[in-house]
file query.txt (compact mmCIF, C-alpha atoms and all ligand atoms)
# COMPACT_ATOMS: atom_id res chain seq x y z
CA MET A 1 114.40 130.60 110.58
CA PHE A 2 111.90 131.74 113.18
CA GLY A 3 112.89 135.37 112.98
CA ARG A 4 111.43 138.05 110.81
CA SER A 5 111.59 137.22 107.14
CA LYS A 6 114.47 138.94 105.45
CA ASN A 7 112.90 138.33 102.11
CA LEU A 8 113.04 141.07 99.51
CA VAL A 9 110.90 141.50 96.43
CA GLY A 10 113.10 141.75 93.34
CA LEU A 11 111.76 144.78 91.49
CA ASP A 12 113.15 145.35 88.01
CA ILE A 13 111.96 148.78 86.88
CA GLY A 14 112.53 148.47 83.14
CA SER A 15 111.88 151.30 80.74
CA SER A 16 109.09 149.27 79.11
CA VAL A 17 107.98 146.77 81.74
CA VAL A 18 108.14 146.62 85.55
CA LYS A 19 108.74 143.07 86.80
CA ALA A 20 108.49 141.84 90.39
CA VAL A 21 109.48 138.48 91.85
CA GLU A 22 109.19 137.20 95.39
CA LEU A 23 110.97 133.97 96.30
CA ARG A 24 110.54 131.64 99.20
CA PRO A 25 112.97 128.95 100.36
CA SER A 26 111.97 125.53 99.12
CA GLY A 27 113.97 122.38 99.66
CA ARG A 28 117.59 123.33 99.15
CA GLY A 29 116.69 126.19 96.82
CA TYR A 30 113.87 128.58 96.10
CA ARG A 31 110.45 128.69 94.58
CA VAL A 32 108.62 131.67 93.10
CA ALA A 33 105.90 132.72 95.56
CA ALA A 34 104.71 135.70 93.53
CA PHE A 35 105.36 137.18 90.13
CA GLY A 36 103.92 140.23 88.40
CA MET A 37 104.62 142.57 85.53
CA GLN A 38 103.07 145.78 84.24
CA PRO A 39 103.84 147.95 81.21
CA VAL A 40 105.50 151.33 81.67
CA PRO A 41 104.22 154.04 79.30
CA PRO A 42 106.78 154.91 76.57
CA ASP A 43 109.24 157.70 77.46
CA SER A 44 108.54 157.53 81.21
CA ILE A 45 112.11 156.31 81.69
CA VAL A 46 114.71 157.53 79.21
CA ASP A 47 118.39 156.57 79.31
CA GLY A 48 117.92 155.20 82.80
CA ALA A 49 116.47 158.48 84.09
CA VAL A 50 112.96 158.65 85.53
CA ILE A 51 111.16 161.30 83.45
CA ASP A 52 107.56 160.68 84.54
CA ALA A 53 107.71 159.58 88.17
CA GLY A 54 103.90 159.40 88.47
CA ALA A 55 103.59 156.98 85.55
CA VAL A 56 106.39 154.75 86.83
CA ALA A 57 105.00 154.71 90.39
CA ASP A 58 101.57 153.79 88.96
CA ALA A 59 103.04 150.83 87.08
CA ILE A 60 104.78 149.61 90.25
CA ARG A 61 101.61 150.07 92.31
CA ARG A 62 99.58 148.06 89.78
CA VAL A 63 102.00 145.13 89.98
CA PHE A 64 101.19 144.72 93.67
CA GLU A 65 97.51 145.60 93.43
CA GLU A 66 96.83 143.03 90.75
CA ASN A 67 98.69 140.32 92.57
CA ARG A 68 97.96 139.91 96.25
CA SER A 69 100.45 137.07 96.75
CA PHE A 70 103.33 139.48 97.43
CA LYS A 71 103.95 139.38 101.17
CA THR A 72 106.78 141.81 101.74
CA LYS A 73 106.95 145.55 101.17
CA ASP A 74 110.74 145.63 101.11
CA VAL A 75 112.19 145.68 97.63
CA CYS A 76 115.54 145.34 95.93
CA ALA A 77 115.69 147.45 92.76
CA SER A 78 118.46 148.11 90.25
CA LEU A 79 120.10 150.72 88.08
CA SER A 80 121.77 150.40 84.71
CA GLY A 81 123.20 152.43 81.87
CA ASN A 82 124.94 155.70 82.52
CA ALA A 83 123.65 155.86 86.10
CA VAL A 84 126.40 153.43 87.10
CA ILE A 85 130.06 153.03 86.35
CA VAL A 86 131.76 149.70 86.86
CA LYS A 87 135.55 149.58 86.55
CA LYS A 88 138.24 147.12 87.39
CA ILE A 89 141.13 148.95 89.02
CA THR A 90 144.57 147.83 90.16
CA LEU A 91 145.93 149.06 93.48
CA PRO A 92 148.94 148.27 95.64
CA VAL A 93 148.22 145.39 98.02
CA MET A 94 146.60 146.61 101.25
CA THR A 95 144.43 145.27 104.03
CA ALA A 96 140.63 145.36 103.85
CA SER A 97 140.44 148.23 106.31
CA GLU A 98 143.14 150.23 104.52
CA LEU A 99 141.20 149.73 101.29
CA ASP A 100 138.00 150.84 102.95
CA ASP A 101 139.68 154.02 104.13
CA SER A 102 141.26 154.89 100.81
CA ILE A 103 138.71 153.69 98.25
CA ALA A 104 137.00 157.08 97.82
CA TRP A 105 140.33 158.75 97.25
CA GLU A 106 141.44 156.05 94.80
CA ALA A 107 138.10 156.11 93.00
CA GLU A 108 138.37 159.80 92.29
CA GLN A 109 140.87 159.13 89.51
CA TYR A 110 138.58 156.66 87.76
CA ILE A 111 135.15 158.21 88.13
CA PRO A 112 134.25 161.08 85.82
CA PHE A 113 131.84 162.59 88.38
CA ASP A 114 132.38 164.44 91.61
CA ILE A 115 132.96 161.78 94.24
CA GLN A 116 130.45 163.59 96.49
CA ASP A 117 127.73 162.84 93.92
CA VAL A 118 128.12 159.06 93.88
CA ASN A 119 127.64 156.07 96.15
CA LEU A 120 130.70 153.87 96.00
CA ASP A 121 130.92 150.15 96.40
CA TYR A 122 133.68 147.69 95.59
CA GLN A 123 134.61 144.06 95.57
CA ILE A 124 138.09 142.62 95.87
CA LEU A 125 138.64 140.42 92.79
CA ASP A 126 142.19 139.42 93.54
CA PRO A 127 143.74 140.33 96.92
CA GLY A 128 147.20 140.02 95.38
CA THR A 129 148.42 137.72 98.11
CA GLY A 130 148.88 134.65 95.91
CA PRO A 131 152.29 133.24 94.86
CA ASP A 132 152.22 134.98 91.47
CA SER A 133 151.23 138.34 92.91
CA ARG A 134 153.29 141.34 91.88
CA GLY A 135 152.36 143.48 94.83
CA SER A 136 149.11 144.66 93.34
CA MET A 137 145.47 143.81 93.94
CA ASP A 138 142.45 143.93 91.61
CA VAL A 139 139.32 145.66 92.78
CA LEU A 140 135.99 146.02 91.04
CA LEU A 141 134.74 149.52 91.63
CA VAL A 142 131.07 150.39 91.33
CA ALA A 143 129.87 153.99 91.44
CA ALA A 144 126.21 154.96 91.19
CA LYS A 145 124.97 158.51 90.93
CA LYS A 146 123.16 159.52 94.12
CA GLU A 147 120.70 161.52 92.07
CA LYS A 148 119.66 158.42 90.06
CA ILE A 149 119.43 156.26 93.18
CA GLY A 150 117.24 158.99 94.66
CA ASP A 151 114.96 159.03 91.59
CA TYR A 152 114.39 155.27 91.79
CA THR A 153 113.93 155.08 95.56
CA ALA A 154 111.46 157.98 95.33
CA VAL A 155 109.18 156.25 92.79
CA ILE A 156 109.29 153.05 94.81
CA ALA A 157 108.25 154.94 97.95
CA GLN A 158 105.58 156.76 95.96
CA ALA A 159 104.20 153.35 95.00
CA GLY A 160 103.96 152.42 98.69
CA ARG A 161 106.97 150.09 98.80
CA THR A 162 110.20 150.30 100.78
CA PRO A 163 113.46 150.42 98.82
CA VAL A 164 116.01 148.48 100.85
CA VAL A 165 118.77 147.51 98.40
CA VAL A 166 119.75 149.13 95.10
CA ASP A 167 121.70 146.82 92.82
CA VAL A 168 122.96 146.97 89.23
CA ASP A 169 121.19 145.13 86.34
CA ALA A 170 124.36 143.42 85.13
CA PHE A 171 125.13 142.06 88.62
CA ALA A 172 121.56 140.94 89.26
CA LEU A 173 121.84 138.96 86.05
CA GLN A 174 125.04 137.37 87.31
CA ASN A 175 123.37 136.52 90.60
CA ALA A 176 120.50 134.79 88.80
CA TYR A 177 122.97 132.96 86.58
CA GLU A 178 125.01 131.64 89.52
CA ALA A 179 121.90 130.43 91.30
CA ASN A 180 120.59 128.61 88.24
CA TYR A 181 123.67 127.35 86.47
CA GLY A 182 126.50 127.47 89.00
CA LEU A 183 129.89 128.74 87.94
CA ASP A 184 132.50 126.83 86.00
CA ALA A 185 136.01 128.04 86.72
CA ARG A 186 137.17 127.16 83.20
CA GLU A 187 134.43 128.93 81.29
CA VAL A 188 134.03 132.37 79.80
CA VAL A 189 130.31 133.12 79.68
CA VAL A 190 128.65 136.22 78.27
CA LEU A 191 125.39 137.25 79.93
CA LEU A 192 123.49 139.36 77.44
CA ASN A 193 120.23 140.99 78.51
CA ALA A 194 118.48 142.87 75.70
CA GLY A 195 115.79 145.17 77.09
CA ALA A 196 113.77 147.91 75.46
CA SER A 197 116.33 150.69 75.68
CA ALA A 198 119.58 148.98 76.59
CA ILE A 199 121.57 145.79 76.26
CA ASN A 200 123.41 144.85 79.44
CA ILE A 201 126.51 142.72 78.90
CA ASN A 202 128.36 141.01 81.73
CA ILE A 203 131.27 138.74 80.83
CA LEU A 204 132.11 136.13 83.46
CA GLN A 205 135.39 134.32 83.65
CA GLY A 206 134.98 131.56 86.20
CA GLU A 207 133.52 133.17 89.29
CA GLN A 208 134.29 136.72 88.37
CA SER A 209 132.78 139.43 86.31
CA VAL A 210 135.65 140.56 84.12
CA PHE A 211 133.82 143.02 81.90
CA THR A 212 130.52 144.86 81.89
CA ARG A 213 129.02 147.28 79.43
CA ASP A 214 125.59 148.67 78.69
CA ILE A 215 124.91 149.32 75.00
CA SER A 216 122.22 151.98 74.59
CA MET A 217 120.20 150.12 71.99
CA GLY A 218 117.42 147.58 72.41
CA GLY A 219 113.83 146.68 71.60
CA ASN A 220 112.82 150.29 71.01
CA ALA A 221 115.26 150.55 68.10
CA TYR A 222 113.38 147.70 66.40
CA THR A 223 109.98 149.25 67.02
CA GLU A 224 111.13 152.65 65.76
CA ALA A 225 112.62 151.16 62.58
CA VAL A 226 109.40 149.24 61.85
CA GLN A 227 107.32 152.36 62.53
CA LYS A 228 109.37 154.37 60.08
CA GLU A 229 109.90 151.79 57.33
CA LEU A 230 106.34 150.43 57.29
CA ASP A 231 104.63 153.65 58.30
CA LEU A 232 102.85 152.16 61.31
CA PRO A 233 101.86 153.64 64.68
CA PHE A 234 103.96 152.65 67.73
CA ASP A 235 101.50 150.06 69.07
CA ALA A 236 101.16 148.25 65.74
CA ALA A 237 104.93 148.28 65.25
CA GLU A 238 105.38 146.77 68.74
CA GLU A 239 102.93 143.98 67.88
CA ILE A 240 104.27 143.09 64.47
CA LYS A 241 107.79 143.04 65.89
CA LYS A 242 106.64 140.22 68.18
CA GLY A 243 105.04 138.36 65.26
CA ILE A 244 101.48 139.37 66.18
CA PRO A 245 99.43 140.16 63.02
CA VAL A 246 98.36 143.80 62.56
CA ASP A 247 96.40 145.75 59.95
CA GLY A 248 98.44 147.50 57.29
CA ALA A 249 101.53 145.29 57.10
CA THR A 250 102.70 141.69 57.08
CA PHE A 251 105.42 140.10 59.13
CA GLU A 252 107.26 139.30 55.89
CA GLU A 253 107.59 143.04 55.34
CA ALA A 254 108.82 143.60 58.89
CA ARG A 255 111.41 140.82 58.93
CA PRO A 256 114.13 142.51 56.81
CA VAL A 257 113.70 145.68 58.87
CA LEU A 258 114.24 143.69 62.09
CA HIS A 259 117.28 141.93 60.66
CA ALA A 260 118.82 145.22 59.59
CA VAL A 261 118.52 146.52 63.16
CA THR A 262 120.05 143.30 64.48
CA GLU A 263 123.03 143.92 62.15
CA ASN A 264 123.58 147.25 63.90
CA VAL A 265 123.20 145.63 67.31
CA LEU A 266 125.76 142.98 66.32
CA LEU A 267 128.26 145.70 65.41
CA GLU A 268 127.95 147.12 68.93
CA ILE A 269 128.28 143.69 70.49
CA GLN A 270 131.33 143.03 68.29
CA LYS A 271 132.95 146.24 69.59
CA THR A 272 132.27 145.13 73.15
CA PHE A 273 133.80 141.70 72.55
CA ASP A 274 136.83 143.22 70.81
CA PHE A 275 137.36 145.52 73.75
CA PHE A 276 137.02 142.64 76.18
CA LYS A 277 139.50 140.52 74.24
CA ALA A 278 142.00 143.36 74.09
CA THR A 279 141.90 143.94 77.84
CA ALA A 280 141.23 140.54 79.40
CA SER A 281 143.54 137.64 80.02
CA SER A 282 141.38 135.41 77.86
CA ASP A 283 140.26 135.97 74.30
CA ARG A 284 137.94 133.02 74.23
CA ILE A 285 134.17 133.09 74.67
CA ASP A 286 132.51 129.76 75.41
CA ARG A 287 128.86 130.63 75.66
CA ILE A 288 126.37 133.46 75.34
CA MET A 289 123.34 133.34 77.64
CA LEU A 290 120.46 135.37 76.23
CA SER A 291 117.80 137.19 78.19
CA GLY A 292 115.62 140.29 77.95
CA GLY A 293 112.46 140.74 75.91
CA ALA A 294 114.28 142.05 72.85
CA SER A 295 116.40 138.88 72.62
CA ARG A 296 113.23 137.26 71.28
CA VAL A 297 113.24 139.32 68.10
CA ASP A 298 113.07 137.21 64.95
CA GLY A 299 116.50 135.86 63.99
CA PHE A 300 118.40 137.48 66.88
CA ARG A 301 119.71 134.32 68.42
CA GLU A 302 120.64 132.71 65.07
CA MET A 303 122.41 135.83 63.81
CA LEU A 304 124.34 136.11 67.07
CA GLN A 305 125.38 132.50 66.83
CA ASP A 306 126.44 132.85 63.16
CA ARG A 307 128.41 136.03 63.76
CA PHE A 308 130.40 134.89 66.76
CA GLY A 309 130.46 131.15 66.19
CA VAL A 310 129.67 130.35 69.82
CA THR A 311 126.83 128.50 71.47
CA VAL A 312 123.94 130.82 72.24
CA GLU A 313 121.52 129.61 74.88
CA ASP A 314 118.34 131.05 76.34
CA PHE A 315 118.97 132.03 79.95
CA ASN A 316 116.34 130.31 82.07
CA PRO A 317 116.06 131.99 85.51
CA PHE A 318 113.66 129.19 86.50
CA ARG A 319 116.09 126.37 85.80
CA THR A 320 116.53 125.67 89.53
CA VAL A 321 114.18 128.27 90.98
CA ALA A 322 110.87 126.42 91.01
CA TRP A 323 107.96 127.87 89.05
CA ASP A 324 104.48 126.41 89.52
CA PRO A 325 102.33 127.33 86.49
CA LYS A 326 99.09 126.42 88.30
CA LYS A 327 99.74 128.80 91.19
CA LEU A 328 101.32 131.56 89.16
CA GLY A 329 98.89 131.52 86.27
CA ALA A 330 101.53 131.54 83.54
CA GLU A 331 104.08 129.24 81.99
CA ALA A 332 107.68 129.77 83.06
CA ALA A 333 108.78 129.78 79.41
CA ASP A 334 106.56 132.77 78.65
CA VAL A 335 108.12 135.01 81.26
CA ALA A 336 111.63 133.55 81.53
CA ALA A 337 113.28 135.94 79.07
CA THR A 338 112.06 139.05 80.77
CA ALA A 339 112.33 137.89 84.41
CA ALA A 340 116.08 137.19 84.70
CA VAL A 341 117.07 140.50 86.32
CA ALA A 342 114.11 140.44 88.74
CA VAL A 343 114.99 136.90 89.87
CA GLY A 344 118.58 138.01 90.50
CA LEU A 345 117.30 140.94 92.55
CA ALA A 346 114.92 138.73 94.54
CA LEU A 347 117.88 136.54 95.54
CA ARG A 348 119.46 139.47 97.39
CA ARG A 349 118.98 139.66 101.12
CA VAL A 350 118.63 142.57 103.52
CA GLY A 351 122.10 143.66 104.51
CA ASP A 352 123.58 142.77 101.14
CA ARG A 353 125.43 145.60 99.54
N1 LIG B 401 108.44 138.17 71.52
C1 LIG B 401 109.10 139.31 71.37
N2 LIG B 401 109.71 139.61 70.21
C2 LIG B 401 110.38 140.76 70.05
N3 LIG B 401 110.52 141.71 71.01
C3 LIG B 401 109.93 141.47 72.19
C4 LIG B 401 109.20 140.28 72.43
N4 LIG B 401 108.73 140.33 73.70
C5 LIG B 401 109.16 141.50 74.20
N5 LIG B 401 109.88 142.20 73.31
C6 LIG B 401 110.51 143.51 73.49
O1 LIG B 401 111.35 143.45 74.62
C7 LIG B 401 111.38 144.71 75.27
C8 LIG B 401 111.00 144.52 76.71
O2 LIG B 401 111.93 143.67 77.30
P1 LIG B 401 112.40 143.87 78.80
O3 LIG B 401 111.23 143.71 79.69
O4 LIG B 401 113.56 142.98 79.01
O5 LIG B 401 112.83 145.42 78.74
P2 LIG B 401 112.97 146.49 79.93
O6 LIG B 401 113.60 145.83 81.09
O7 LIG B 401 111.65 147.15 80.15
O8 LIG B 401 113.94 147.52 79.23
P3 LIG B 401 115.32 148.18 79.72
O9 LIG B 401 115.98 147.22 80.64
O10 LIG B 401 116.09 148.40 78.47
O11 LIG B 401 114.93 149.46 80.37
C9 LIG B 401 110.42 145.62 74.54
O12 LIG B 401 111.13 146.41 73.63
C10 LIG B 401 109.52 144.61 73.82
O13 LIG B 401 108.95 145.14 72.64
MG MG B 402 115.59 145.53 81.71
call {"tool": "encode", "arguments": {"input": "query.txt", "output": "C-alpha cells"}}
result
Amino acid sequence: MFGRSKNLVGLDIGSSVVKAVELRPSGRGYRVAAFGMQPVPPDSIVDGAVIDAGAVADAIRRVFEENRSFKTKDVCASLSGNAVIVKKITLPVMTASELDDSIAWEAEQYIPFDIQDVNLDYQILDPGTGPDSRGSMDVLLVAAKKEKIGDYTAVIAQAGRTPVVVDVDAFALQNAYEANYGLDAREVVVLLNAGASAININILQGEQSVFTRDISMGGNAYTEAVQKELDLPFDAAEEIKKGIPVDGATFEEARPVLHAVTENVLLEIQKTFDFFKATASSDRIDRIMLSGGASRVDGFREMLQDRFGVTVEDFNPFRTVAWDPKKLGAEAADVAATAAVAVGLALRRVGDR
C-alpha cells in the first residue's frame, strides 16, 4: 500500500483507435483515473501487423499529451488475430514443474510456427486430479509471435512509454467481464468484441474460457461496402455508417448496405458457434455480451438476437469500475463500447503473465 504503485495503464492499440485507461483503487473496487483515445490513420495496422510504426507511435503519444492525468509510464498492451494462437490441449497428468519443463516440447505439435519464434504461456484448466479424471489434464496454450510482440513493444517505446505486460485482446475482455459481472458457474457467456478489422470471440463456461476465435471482419467491412455501394469517400462512409448525416447520401440508402454486411458477419459468427458446439461439452449459449465500436452498427444487436435467439446485452466495462463524467469529461455510455479491452488491460498488474 505504501510501496511503489504497481499500476499499469491499459493500452489497447486498435487498428482504428488507440484507447488508454488508468485505474486507481477505490473502495473495494476501482475507479477510472484517466481515459484517452486517439484515431489511428487507416492502414497503419493491418491484420494485427504494425505497418506504419511512426503513425501508430504518434497516436499513442497524443493520447498521453492530450491528457495529463495519466500518472504511470508502464503499460499493458495486447495482441490479437493471427499474431496469437490459443489452443486447449490435453496432456497426461503431471506436476506443475513437469509441465513447465515439457510445455515447449508439447506445444511444438500444436503450433504451426517454429517454437523458437514464439513466446509461450499456458494455464491449467483442469489438473486432472478430480474423481472423474481419466489420467489427463487440460491446458490452455497461448503462443504469440515474438516478431509481433516486438513490433508492438517498439511502437510503445517510440511513444515514450514502457511496455511491461503484453496480453491478448480476448483475455483482456474476459478480465474486464469478470471484474464487472463476476462469473456464474452455470452460465455459457459469449464475449463478442467487434472492432474495425476483427471480431474477437471468447466463449466462457463458468470460470473458464472454453473457446476463442478472431474473425477477420469488422467495422472496416461496413465502411468499405458503403464507400463502394454509395460511391462515397472513406471519411463520409465512416460518418454515415455511424448515423451522422453527410453530403451525397442518406442514411436510408446506407441501411440496407449495412444490414447486408451484418448478414455476412452473422455467417462467420454462426460458423464459430457451430464449431464451439461440436467441440465443447455444452451446446447451450445463455448470453452474448457485445462490445467494440462496430457492435454499434445499425441493427447489429437486433439481428444477432434474432439469428441466435439468445439475450444480447451491451457489455459495460464501467458497471462496477467507477466513471466520473465530471472529471473525465465524457459520459461512460459514450465510450463504454470501445473501452472494454483497455479496461481489462488496466486491471492487469506488474508481474502478471
Ligand atoms: N456508432 C457507431 N456505429 C457504427 N460503427 C461505429 C460506431 N462507432 C464506432 N464504430 C466503428 O467501430 C470501429 C472502431 O471500434 P474499436 O475502437 O473497437 O476498433 P479497434 O479496436 O480500433 O479495431 P481492431 O480491434 O479491429 O483493430 C470502427 O470501424 C468505427 O467505424
Ligand atoms: Mg480492438
call {"tool": "atom_distance", "arguments": {"input": "query.txt", "atom1": "CA of Ala339 in chain A", "atom2": "CA of Val168 in chain A"}}
result
14.8 Å
call {"tool": "residues_around", "arguments": {"input": "query.txt", "residues": "Gly182 in chain A", "least_positions_apart": "3", "cutoff": "12 Å", "atoms": "only C-alpha atoms", "output": "PyMOL selection string"}}
result
chain A and resi 174-179+185+187+189+204+206-207+317+319-320
call {"tool": "residues_near_ligand", "arguments": {"input": "query.txt", "ligand": "ligand LIG 401 (chain B)", "cutoff": "9 Å", "atoms": "only C-alpha atoms and all ligand atoms", "output": "PyMOL selection string"}}
result
chain A and resi 12-19+37+39-40+45-48+80-81+169+193-200+216-223+237-244+291-298+337-341
call {"tool": "atom_distance", "arguments": {"input": "query.txt", "atom1": "CA of Gly10 in chain A", "atom2": "CA of Leu347 in chain A"}}
result
7.4 Å
call {"tool": "axis_aligned_box", "arguments": {"input": "query.txt", "around": "range 272-290 of chain A", "padding_each_side": "4 Å", "output": "JSON"}}
result
{"center_x": 132.0, "center_y": 137.6, "center_z": 75.4, "size_x": 31.1, "size_y": 23.8, "size_z": 17.2}
call {"tool": "residues_around", "arguments": {"input": "query.txt", "residues": "Gln205 in chain A", "least_positions_apart": "6", "cutoff": "10 Å", "atoms": "only C-alpha atoms", "output": "MDAnalysis selection string"}}
result
chainID A and resid 183:190 211 280:282 284:286
call {"tool": "residues_around", "arguments": {"input": "query.txt", "residues": "range 91-103 of chain A", "least_positions_apart": "3", "cutoff": "9 Å", "atoms": "all atoms listed in the file", "output": "list in words"}}
result
Glu106, Ala107, Glu108, Leu120, Asp121, Tyr122, Ile124, Pro127, Gly128, Thr129, Arg134, Gly135, Ser136, Met137, Asp138, Val139 and Leu141 of chain A
call {"tool": "atom_distance", "arguments": {"input": "query.txt", "atom1": "CA of Gly150 in chain A", "atom2": "CA of Val165 in chain A"}}
result
12.2 Å
call {"tool": "residues_near_point", "arguments": {"input": "query.txt", "point": "(114.1, 163.4, 85.9)", "cutoff": "12 Å", "atoms": "all atoms listed in the file", "output": "MDAnalysis selection string"}}
result
chainID A and resid 43:54 56 147:152 154:155
call {"tool": "residues_around", "arguments": {"input": "query.txt", "residues": "Arg255 in chain A", "least_positions_apart": "4", "cutoff": "9 Å", "atoms": "only C-alpha atoms", "output": "list of chain:residue names"}}
result
A:Lys241, A:Thr250, A:Phe251, A:His259, A:Ala260, A:Asp298, A:Gly299
call {"tool": "closest_residue", "arguments": {"input": "query.txt", "among": "A:Glu65, A:Glu229, A:Glu268, A:Asp214", "to": "ligand MG 402 (chain B)", "atoms": "only C-alpha atoms and all ligand atoms"}}
result
A:Asp214
call {"tool": "residues_around", "arguments": {"input": "query.txt", "residues": "range 307-316 of chain A", "least_positions_apart": "4", "cutoff": "7 Å", "atoms": "all atoms listed in the file", "output": "ChimeraX atom specification"}}
result
/A:286-291,301,303,336-337
call {"tool": "closest_residue", "arguments": {"input": "query.txt", "among": "A:Val257, A:Val343, A:Ala332, A:Leu140", "to": "ligand MG 402 (chain B)", "atoms": "all atoms listed in the file"}}
result
A:Val343
call {"tool": "closest_residue", "arguments": {"input": "query.txt", "among": "A:Pro233, A:Gly36, A:Pro245, A:Pro42", "to": "Val9 in chain A", "atoms": "all atoms listed in the file"}}
result
A:Gly36
